[in-house]
file upload33.cif (mmCIF, N, CA and C atoms)
data_final
#
loop_
_atom_site.label_atom_id
_atom_site.label_comp_id
_atom_site.auth_asym_id
_atom_site.auth_seq_id
_atom_site.Cartn_x
_atom_site.Cartn_y
_atom_site.Cartn_z
N MET A 1 153.41 8.45 28.31
CA MET A 1 154.38 7.87 29.22
C MET A 1 154.10 8.39 30.63
N LEU A 2 154.20 7.53 31.59
CA LEU A 2 153.94 7.91 32.97
C LEU A 2 155.14 8.64 33.57
N GLN A 3 154.84 9.56 34.46
CA GLN A 3 155.86 10.37 35.10
C GLN A 3 156.78 9.53 35.99
N ALA A 4 156.20 8.65 36.78
CA ALA A 4 156.98 7.87 37.76
C ALA A 4 156.43 6.45 37.83
N PRO A 5 156.73 5.61 36.85
CA PRO A 5 156.13 4.28 36.83
C PRO A 5 156.45 3.43 38.06
N ARG A 6 157.59 3.64 38.67
CA ARG A 6 157.95 2.84 39.85
C ARG A 6 157.03 3.12 41.05
N ASP A 7 156.40 4.28 41.06
CA ASP A 7 155.46 4.60 42.15
C ASP A 7 154.26 3.66 42.16
N TRP A 8 153.97 3.06 41.02
CA TRP A 8 152.82 2.16 40.91
C TRP A 8 153.12 0.76 41.41
N ALA A 9 154.38 0.42 41.57
CA ALA A 9 154.78 -0.95 41.92
C ALA A 9 154.08 -1.51 43.16
N PRO A 10 153.85 -0.73 44.21
CA PRO A 10 153.17 -1.31 45.38
C PRO A 10 151.79 -1.88 45.09
N PHE A 11 151.14 -1.43 44.02
CA PHE A 11 149.81 -1.93 43.69
C PHE A 11 149.84 -3.35 43.14
N PHE A 12 151.00 -3.79 42.67
CA PHE A 12 151.08 -5.15 42.12
C PHE A 12 152.39 -5.85 42.50
N SER A 13 153.02 -5.40 43.56
CA SER A 13 154.33 -5.94 43.95
C SER A 13 154.30 -7.40 44.38
N LYS A 14 153.17 -7.90 44.79
CA LYS A 14 153.07 -9.30 45.23
C LYS A 14 152.62 -10.23 44.11
N ARG A 15 152.48 -9.68 42.94
CA ARG A 15 152.07 -10.50 41.79
C ARG A 15 153.19 -11.46 41.42
N LYS A 16 152.84 -12.68 41.08
CA LYS A 16 153.82 -13.70 40.73
C LYS A 16 154.31 -13.48 39.30
N VAL A 17 155.58 -13.80 39.11
CA VAL A 17 156.22 -13.68 37.80
C VAL A 17 156.85 -15.02 37.46
N GLU A 18 156.73 -15.42 36.23
CA GLU A 18 157.33 -16.67 35.81
C GLU A 18 158.85 -16.52 35.70
N LEU A 19 159.56 -17.57 36.04
CA LEU A 19 161.02 -17.56 36.01
C LEU A 19 161.54 -17.22 34.61
N ALA A 20 160.92 -17.73 33.58
CA ALA A 20 161.35 -17.43 32.21
C ALA A 20 161.28 -15.93 31.94
N ASP A 21 160.24 -15.26 32.47
CA ASP A 21 160.13 -13.81 32.28
C ASP A 21 161.25 -13.08 32.99
N VAL A 22 161.60 -13.54 34.18
CA VAL A 22 162.67 -12.91 34.95
C VAL A 22 164.01 -13.08 34.23
N GLU A 23 164.20 -14.24 33.62
CA GLU A 23 165.46 -14.52 32.92
C GLU A 23 165.57 -13.75 31.61
N ASN A 24 164.44 -13.46 30.98
CA ASN A 24 164.46 -12.87 29.63
C ASN A 24 164.13 -11.39 29.58
N GLN A 25 163.76 -10.80 30.70
CA GLN A 25 163.37 -9.40 30.69
C GLN A 25 164.08 -8.64 31.80
N THR A 26 164.27 -7.36 31.58
CA THR A 26 164.85 -6.52 32.63
C THR A 26 163.76 -6.18 33.64
N HIS A 27 164.19 -5.66 34.76
CA HIS A 27 163.24 -5.22 35.80
C HIS A 27 162.29 -4.18 35.22
N ASP A 28 162.83 -3.23 34.48
CA ASP A 28 161.98 -2.18 33.90
C ASP A 28 160.98 -2.74 32.90
N GLN A 29 161.37 -3.76 32.14
CA GLN A 29 160.43 -4.38 31.20
C GLN A 29 159.31 -5.10 31.94
N LEU A 30 159.68 -5.81 33.00
CA LEU A 30 158.66 -6.49 33.81
C LEU A 30 157.72 -5.48 34.45
N LEU A 31 158.30 -4.42 35.00
CA LEU A 31 157.49 -3.37 35.62
C LEU A 31 156.54 -2.76 34.61
N SER A 32 157.04 -2.47 33.42
CA SER A 32 156.22 -1.87 32.38
C SER A 32 155.05 -2.77 32.00
N LYS A 33 155.30 -4.06 31.86
CA LYS A 33 154.24 -5.01 31.51
C LYS A 33 153.21 -5.11 32.63
N MET A 34 153.68 -5.22 33.87
CA MET A 34 152.75 -5.32 35.00
C MET A 34 151.93 -4.04 35.14
N LEU A 35 152.57 -2.91 34.91
CA LEU A 35 151.86 -1.64 35.00
C LEU A 35 150.80 -1.53 33.91
N ALA A 36 151.14 -1.92 32.70
CA ALA A 36 150.17 -1.89 31.60
C ALA A 36 148.97 -2.78 31.93
N ASP A 37 149.23 -3.97 32.46
CA ASP A 37 148.14 -4.87 32.85
C ASP A 37 147.29 -4.25 33.96
N HIS A 38 147.95 -3.65 34.93
CA HIS A 38 147.26 -3.03 36.06
C HIS A 38 146.38 -1.87 35.58
N LEU A 39 146.91 -1.04 34.69
CA LEU A 39 146.14 0.10 34.19
C LEU A 39 144.97 -0.35 33.33
N GLU A 40 145.13 -1.46 32.63
CA GLU A 40 144.02 -1.99 31.83
C GLU A 40 142.86 -2.41 32.74
N VAL A 41 143.17 -3.02 33.86
CA VAL A 41 142.13 -3.41 34.82
C VAL A 41 141.53 -2.15 35.46
N LEU A 42 142.37 -1.22 35.85
CA LEU A 42 141.90 0.01 36.49
C LEU A 42 140.98 0.80 35.56
N ASP A 43 141.26 0.75 34.27
CA ASP A 43 140.45 1.48 33.29
C ASP A 43 138.98 1.04 33.32
N ARG A 44 138.72 -0.19 33.71
CA ARG A 44 137.35 -0.71 33.75
C ARG A 44 136.69 -0.51 35.12
N LYS A 45 137.38 0.08 36.06
CA LYS A 45 136.82 0.28 37.40
C LYS A 45 135.99 1.56 37.44
N SER A 46 135.27 1.72 38.53
CA SER A 46 134.42 2.90 38.72
C SER A 46 135.27 4.16 38.92
N LEU A 47 134.65 5.31 38.74
CA LEU A 47 135.35 6.57 39.00
C LEU A 47 135.78 6.67 40.46
N LEU A 48 134.96 6.19 41.37
CA LEU A 48 135.33 6.23 42.78
C LEU A 48 136.56 5.37 43.03
N ALA A 49 136.61 4.19 42.44
CA ALA A 49 137.79 3.32 42.60
C ALA A 49 139.03 3.99 42.03
N LYS A 50 138.88 4.67 40.89
CA LYS A 50 140.02 5.38 40.30
C LYS A 50 140.47 6.52 41.19
N LEU A 51 139.51 7.24 41.76
CA LEU A 51 139.86 8.34 42.66
C LEU A 51 140.58 7.81 43.90
N GLU A 52 140.09 6.72 44.47
CA GLU A 52 140.74 6.13 45.63
C GLU A 52 142.15 5.66 45.29
N HIS A 53 142.31 5.09 44.13
CA HIS A 53 143.61 4.62 43.66
C HIS A 53 144.57 5.81 43.51
N LEU A 54 144.09 6.86 42.86
CA LEU A 54 144.91 8.04 42.63
C LEU A 54 145.28 8.72 43.95
N THR A 55 144.34 8.75 44.87
CA THR A 55 144.62 9.34 46.19
C THR A 55 145.70 8.54 46.92
N ALA A 56 145.62 7.21 46.85
CA ALA A 56 146.65 6.38 47.47
C ALA A 56 148.00 6.61 46.81
N LEU A 57 148.02 6.78 45.52
CA LEU A 57 149.27 6.99 44.78
C LEU A 57 149.86 8.37 45.08
N CYS A 58 149.02 9.39 45.13
CA CYS A 58 149.50 10.76 45.27
C CYS A 58 149.67 11.21 46.71
N ARG A 59 149.06 10.53 47.64
CA ARG A 59 149.19 10.79 49.07
C ARG A 59 149.06 12.28 49.46
N PRO A 60 147.90 12.87 49.19
CA PRO A 60 147.73 14.28 49.57
C PRO A 60 147.63 14.42 51.09
N PRO A 61 147.97 15.60 51.62
CA PRO A 61 147.84 15.82 53.06
C PRO A 61 146.36 15.83 53.46
N PRO A 62 146.07 15.62 54.74
CA PRO A 62 144.66 15.55 55.19
C PRO A 62 143.85 16.80 54.85
N ASN A 63 144.45 17.95 54.82
CA ASN A 63 143.72 19.20 54.54
C ASN A 63 143.75 19.58 53.06
N PHE A 64 144.10 18.65 52.19
CA PHE A 64 144.23 18.92 50.76
C PHE A 64 142.89 19.38 50.17
N GLU A 65 142.93 20.49 49.45
CA GLU A 65 141.75 20.99 48.75
C GLU A 65 142.13 21.12 47.28
N GLY A 66 141.77 20.12 46.50
CA GLY A 66 142.16 20.09 45.10
C GLY A 66 141.54 21.21 44.29
N VAL A 67 140.28 21.47 44.50
CA VAL A 67 139.56 22.54 43.80
C VAL A 67 138.95 23.42 44.88
N LYS A 68 139.34 24.68 44.87
CA LYS A 68 138.90 25.60 45.93
C LYS A 68 137.38 25.60 46.05
N GLY A 69 136.91 25.34 47.25
CA GLY A 69 135.48 25.36 47.53
C GLY A 69 134.73 24.09 47.13
N PHE A 70 135.41 23.12 46.54
CA PHE A 70 134.75 21.89 46.10
C PHE A 70 134.93 20.81 47.15
N ARG A 71 133.82 20.20 47.50
CA ARG A 71 133.86 19.09 48.44
C ARG A 71 133.28 17.87 47.71
N LEU A 72 134.07 16.83 47.62
CA LEU A 72 133.65 15.64 46.89
C LEU A 72 132.54 14.92 47.63
N ASP A 73 131.46 14.69 46.94
CA ASP A 73 130.32 13.93 47.45
C ASP A 73 130.42 12.54 46.80
N GLN A 74 130.89 11.57 47.57
CA GLN A 74 131.12 10.23 47.02
C GLN A 74 129.83 9.58 46.54
N LYS A 75 128.74 9.78 47.25
CA LYS A 75 127.46 9.20 46.83
C LYS A 75 127.03 9.77 45.47
N ARG A 76 127.21 11.07 45.29
CA ARG A 76 126.85 11.69 44.02
C ARG A 76 127.76 11.18 42.91
N LEU A 77 129.05 11.04 43.20
CA LEU A 77 129.98 10.52 42.21
C LEU A 77 129.57 9.12 41.77
N VAL A 78 129.23 8.27 42.71
CA VAL A 78 128.81 6.90 42.40
C VAL A 78 127.52 6.92 41.56
N ALA A 79 126.56 7.76 41.96
CA ALA A 79 125.30 7.83 41.22
C ALA A 79 125.52 8.31 39.79
N LEU A 80 126.34 9.33 39.60
CA LEU A 80 126.60 9.84 38.26
C LEU A 80 127.41 8.84 37.43
N ASP A 81 128.33 8.13 38.07
CA ASP A 81 129.10 7.11 37.36
C ASP A 81 128.19 5.96 36.93
N ASN A 82 127.25 5.59 37.80
CA ASN A 82 126.28 4.54 37.44
C ASN A 82 125.39 5.00 36.28
N LEU A 83 124.98 6.27 36.30
CA LEU A 83 124.18 6.82 35.21
C LEU A 83 124.98 6.81 33.92
N ARG A 84 126.24 7.22 33.99
CA ARG A 84 127.11 7.21 32.81
C ARG A 84 127.23 5.78 32.27
N HIS A 85 127.39 4.83 33.15
CA HIS A 85 127.52 3.43 32.73
C HIS A 85 126.24 2.96 32.02
N ARG A 86 125.08 3.29 32.59
CA ARG A 86 123.81 2.89 31.98
C ARG A 86 123.65 3.50 30.58
N ILE A 87 124.03 4.76 30.44
CA ILE A 87 123.91 5.44 29.15
C ILE A 87 124.87 4.83 28.13
N VAL A 88 126.13 4.65 28.52
CA VAL A 88 127.16 4.17 27.59
C VAL A 88 126.97 2.70 27.25
N HIS A 89 126.71 1.87 28.24
CA HIS A 89 126.71 0.43 28.02
C HIS A 89 125.31 -0.17 27.78
N ASP A 90 124.29 0.47 28.30
CA ASP A 90 122.95 -0.09 28.15
C ASP A 90 122.07 0.73 27.20
N GLY A 91 122.55 1.88 26.79
CA GLY A 91 121.76 2.74 25.91
C GLY A 91 120.57 3.37 26.60
N ALA A 92 120.56 3.34 27.93
CA ALA A 92 119.45 3.89 28.70
C ALA A 92 119.67 5.39 28.89
N ILE A 93 118.92 6.17 28.15
CA ILE A 93 119.06 7.62 28.26
C ILE A 93 117.86 8.15 29.01
N ASP A 94 118.08 8.53 30.25
CA ASP A 94 117.04 9.09 31.10
C ASP A 94 117.11 10.62 31.02
N ALA A 95 116.04 11.24 31.36
CA ALA A 95 116.06 12.69 31.51
C ALA A 95 116.94 13.01 32.71
N ILE A 96 117.78 14.01 32.54
CA ILE A 96 118.69 14.40 33.62
C ILE A 96 118.37 15.85 33.97
N PRO A 97 117.47 16.04 34.94
CA PRO A 97 117.02 17.41 35.25
C PRO A 97 118.14 18.31 35.78
N SER A 98 119.15 17.74 36.40
CA SER A 98 120.21 18.55 36.99
C SER A 98 121.49 18.47 36.16
N ILE A 99 121.35 18.39 34.84
CA ILE A 99 122.50 18.16 33.96
C ILE A 99 123.57 19.23 34.12
N ASP A 100 123.19 20.51 34.21
CA ASP A 100 124.19 21.57 34.33
C ASP A 100 125.00 21.42 35.61
N GLU A 101 124.31 21.19 36.73
CA GLU A 101 125.02 21.01 38.00
C GLU A 101 125.86 19.74 38.00
N ASP A 102 125.33 18.69 37.38
CA ASP A 102 126.06 17.43 37.32
C ASP A 102 127.33 17.56 36.49
N LEU A 103 127.23 18.27 35.37
CA LEU A 103 128.42 18.48 34.54
C LEU A 103 129.45 19.34 35.27
N GLU A 104 129.00 20.34 36.00
CA GLU A 104 129.92 21.16 36.79
C GLU A 104 130.60 20.31 37.87
N PHE A 105 129.82 19.47 38.53
CA PHE A 105 130.37 18.57 39.55
C PHE A 105 131.43 17.65 38.94
N MET A 106 131.11 17.04 37.78
CA MET A 106 132.07 16.13 37.15
C MET A 106 133.31 16.88 36.67
N GLY A 107 133.14 18.12 36.26
CA GLY A 107 134.29 18.95 35.90
C GLY A 107 135.19 19.17 37.11
N ASP A 108 134.57 19.42 38.27
CA ASP A 108 135.35 19.59 39.50
C ASP A 108 136.03 18.29 39.90
N VAL A 109 135.38 17.15 39.65
CA VAL A 109 136.02 15.86 39.92
C VAL A 109 137.25 15.72 39.03
N SER A 110 137.12 16.05 37.75
CA SER A 110 138.26 15.98 36.83
C SER A 110 139.39 16.89 37.29
N ARG A 111 139.05 18.11 37.69
CA ARG A 111 140.06 19.04 38.16
C ARG A 111 140.70 18.54 39.46
N THR A 112 139.94 17.81 40.27
CA THR A 112 140.49 17.22 41.49
C THR A 112 141.52 16.16 41.12
N PHE A 113 141.23 15.33 40.12
CA PHE A 113 142.20 14.34 39.64
C PHE A 113 143.50 15.04 39.24
N VAL A 114 143.37 16.11 38.45
CA VAL A 114 144.55 16.85 37.99
C VAL A 114 145.28 17.48 39.18
N ALA A 115 144.54 18.02 40.14
CA ALA A 115 145.17 18.65 41.31
C ALA A 115 145.96 17.62 42.12
N LEU A 116 145.43 16.41 42.25
CA LEU A 116 146.17 15.36 42.96
C LEU A 116 147.48 15.06 42.26
N ILE A 117 147.43 14.93 40.95
CA ILE A 117 148.65 14.63 40.19
C ILE A 117 149.62 15.80 40.27
N HIS A 118 149.10 17.01 40.21
CA HIS A 118 149.96 18.19 40.33
C HIS A 118 150.62 18.23 41.71
N HIS A 119 149.85 17.95 42.74
CA HIS A 119 150.39 17.94 44.10
C HIS A 119 151.59 16.98 44.20
N ARG A 120 151.45 15.80 43.64
CA ARG A 120 152.48 14.77 43.78
C ARG A 120 153.64 14.94 42.80
N TYR A 121 153.31 15.29 41.55
CA TYR A 121 154.33 15.26 40.50
C TYR A 121 154.62 16.61 39.84
N GLY A 122 153.88 17.64 40.24
CA GLY A 122 154.12 18.96 39.68
C GLY A 122 153.61 19.13 38.26
N LEU A 123 152.68 18.27 37.85
CA LEU A 123 152.11 18.35 36.51
C LEU A 123 151.44 19.70 36.29
N GLN A 124 151.72 20.32 35.18
CA GLN A 124 151.07 21.58 34.82
C GLN A 124 150.12 21.32 33.65
N VAL A 125 148.88 21.76 33.79
CA VAL A 125 147.88 21.57 32.75
C VAL A 125 147.33 22.94 32.37
N ASP A 126 147.16 23.14 31.08
CA ASP A 126 146.58 24.38 30.59
C ASP A 126 145.14 24.47 31.11
N PRO A 127 144.78 25.53 31.84
CA PRO A 127 143.43 25.63 32.40
C PRO A 127 142.33 25.61 31.35
N ARG A 128 142.65 25.96 30.11
CA ARG A 128 141.64 25.92 29.05
C ARG A 128 141.23 24.49 28.72
N ALA A 129 142.00 23.51 29.19
CA ALA A 129 141.64 22.11 28.96
C ALA A 129 140.44 21.71 29.81
N PHE A 130 140.12 22.52 30.82
CA PHE A 130 139.01 22.23 31.73
C PHE A 130 138.12 23.45 31.85
N PRO A 131 137.33 23.74 30.81
CA PRO A 131 136.47 24.92 30.89
C PRO A 131 135.42 24.77 31.98
N THR A 132 135.07 25.86 32.61
CA THR A 132 134.00 25.86 33.60
C THR A 132 132.76 26.42 32.93
N SER A 133 131.67 26.45 33.68
CA SER A 133 130.43 26.95 33.10
C SER A 133 130.54 28.40 32.69
N SER A 134 131.50 29.14 33.26
CA SER A 134 131.65 30.55 32.91
C SER A 134 132.64 30.76 31.77
N THR A 135 133.29 29.67 31.30
CA THR A 135 134.19 29.79 30.17
C THR A 135 133.75 28.83 29.09
N SER A 136 134.20 29.05 27.91
CA SER A 136 133.86 28.13 26.82
C SER A 136 135.14 27.70 26.15
N PRO A 137 135.17 26.48 25.63
CA PRO A 137 136.38 26.03 24.95
C PRO A 137 136.65 26.85 23.71
N GLU A 138 137.93 27.00 23.40
CA GLU A 138 138.30 27.79 22.21
C GLU A 138 138.25 26.95 20.97
#

call {"tool": "encode", "arguments": {"input": "upload33.cif", "output": "structure tokens"}}
result
Amino acid sequence: MLQAPRDWAPFFSKRKVELADVENQTHDQLLSKMLADHLEVLDRKSLLAKLEHLTALCRPPPNFEGVKGFRLDQKRLVALDNLRHRIVHDGAIDAIPSIDEDLEFMGDVSRTFVALIHHRYGLQVDPRAFPTSSTSPE
């Protein structure tokens, strides 16, 4: 369940609704359906698009540092997301010489997602859910 589903409404507020739906459903039911549809589309978007979406939703301040010392490299994120797509959808498994650094980078991207949500909604996540290269999962 989402923390604040109404916060998502601006992303689809101009979407048309059929009169029969308005007559037969509550506002919350309509919102829930539109949100589910929106999230289904977002699920198929790139990581960069998801990050941009989350940033718009969470509205961090200009000096926001989600992960201390981490600076997001959008070109690298796009390249790694494209590589992930090729591996998952095309079965193209290339040698990845920088796999350790790439995994650390993607871990920091994940932690940045969580930090954005924490900033906006106060979400608390167990740090063991995001092991770093110096820790191992239990």

call {"tool": "atom_distance", "arguments": {"input": "upload33.cif", "atom1": "atom N of Arg6 (chain A)", "atom2": "atom C of Leu57 (chain A)"}}
result
11.1 Å

call {"tool": "atom_distance", "arguments": {"input": "upload33.cif", "atom1": "CA of Gln29 (chain A)", "atom2": "CA of His119 (chain A)"}}
result
27.7 Å

call {"tool": "atom_distance", "arguments": {"input": "upload33.cif", "atom1": "CA of Arg71 (chain A)", "atom2": "CA of Ile99 (chain A)"}}
result
18.4 Å

call {"tool": "resolve_selection", "arguments": {"input": "upload33.cif", "expression": "the PyMOL selection byres ((chain A and resi 108-111) around 8)", "output": "PyMOL selection string"}}
result
chain A and resi 66-67+70+72+102-107+112-117+130+132

call {"tool": "residues_around", "arguments": {"input": "upload33.cif", "residues": "Lys45 (chain A)", "least_positions_apart": "5", "cutoff": "12 Å", "atoms": "only C-alpha atoms", "output": "ChimeraX atom specification"}}
result
/A:38-40,50-53,78,81-82,85

call {"tool": "resolve_selection", "arguments": {"input": "upload33.cif", "expression": "the PyMOL selection byres (((chain A and resi 10-19 and name CA) around 12) and name CA)", "output": "PyMOL selection string"}}
result
chain A and resi 5-9+20-25+27+30-39+41-42+53-54+56-57
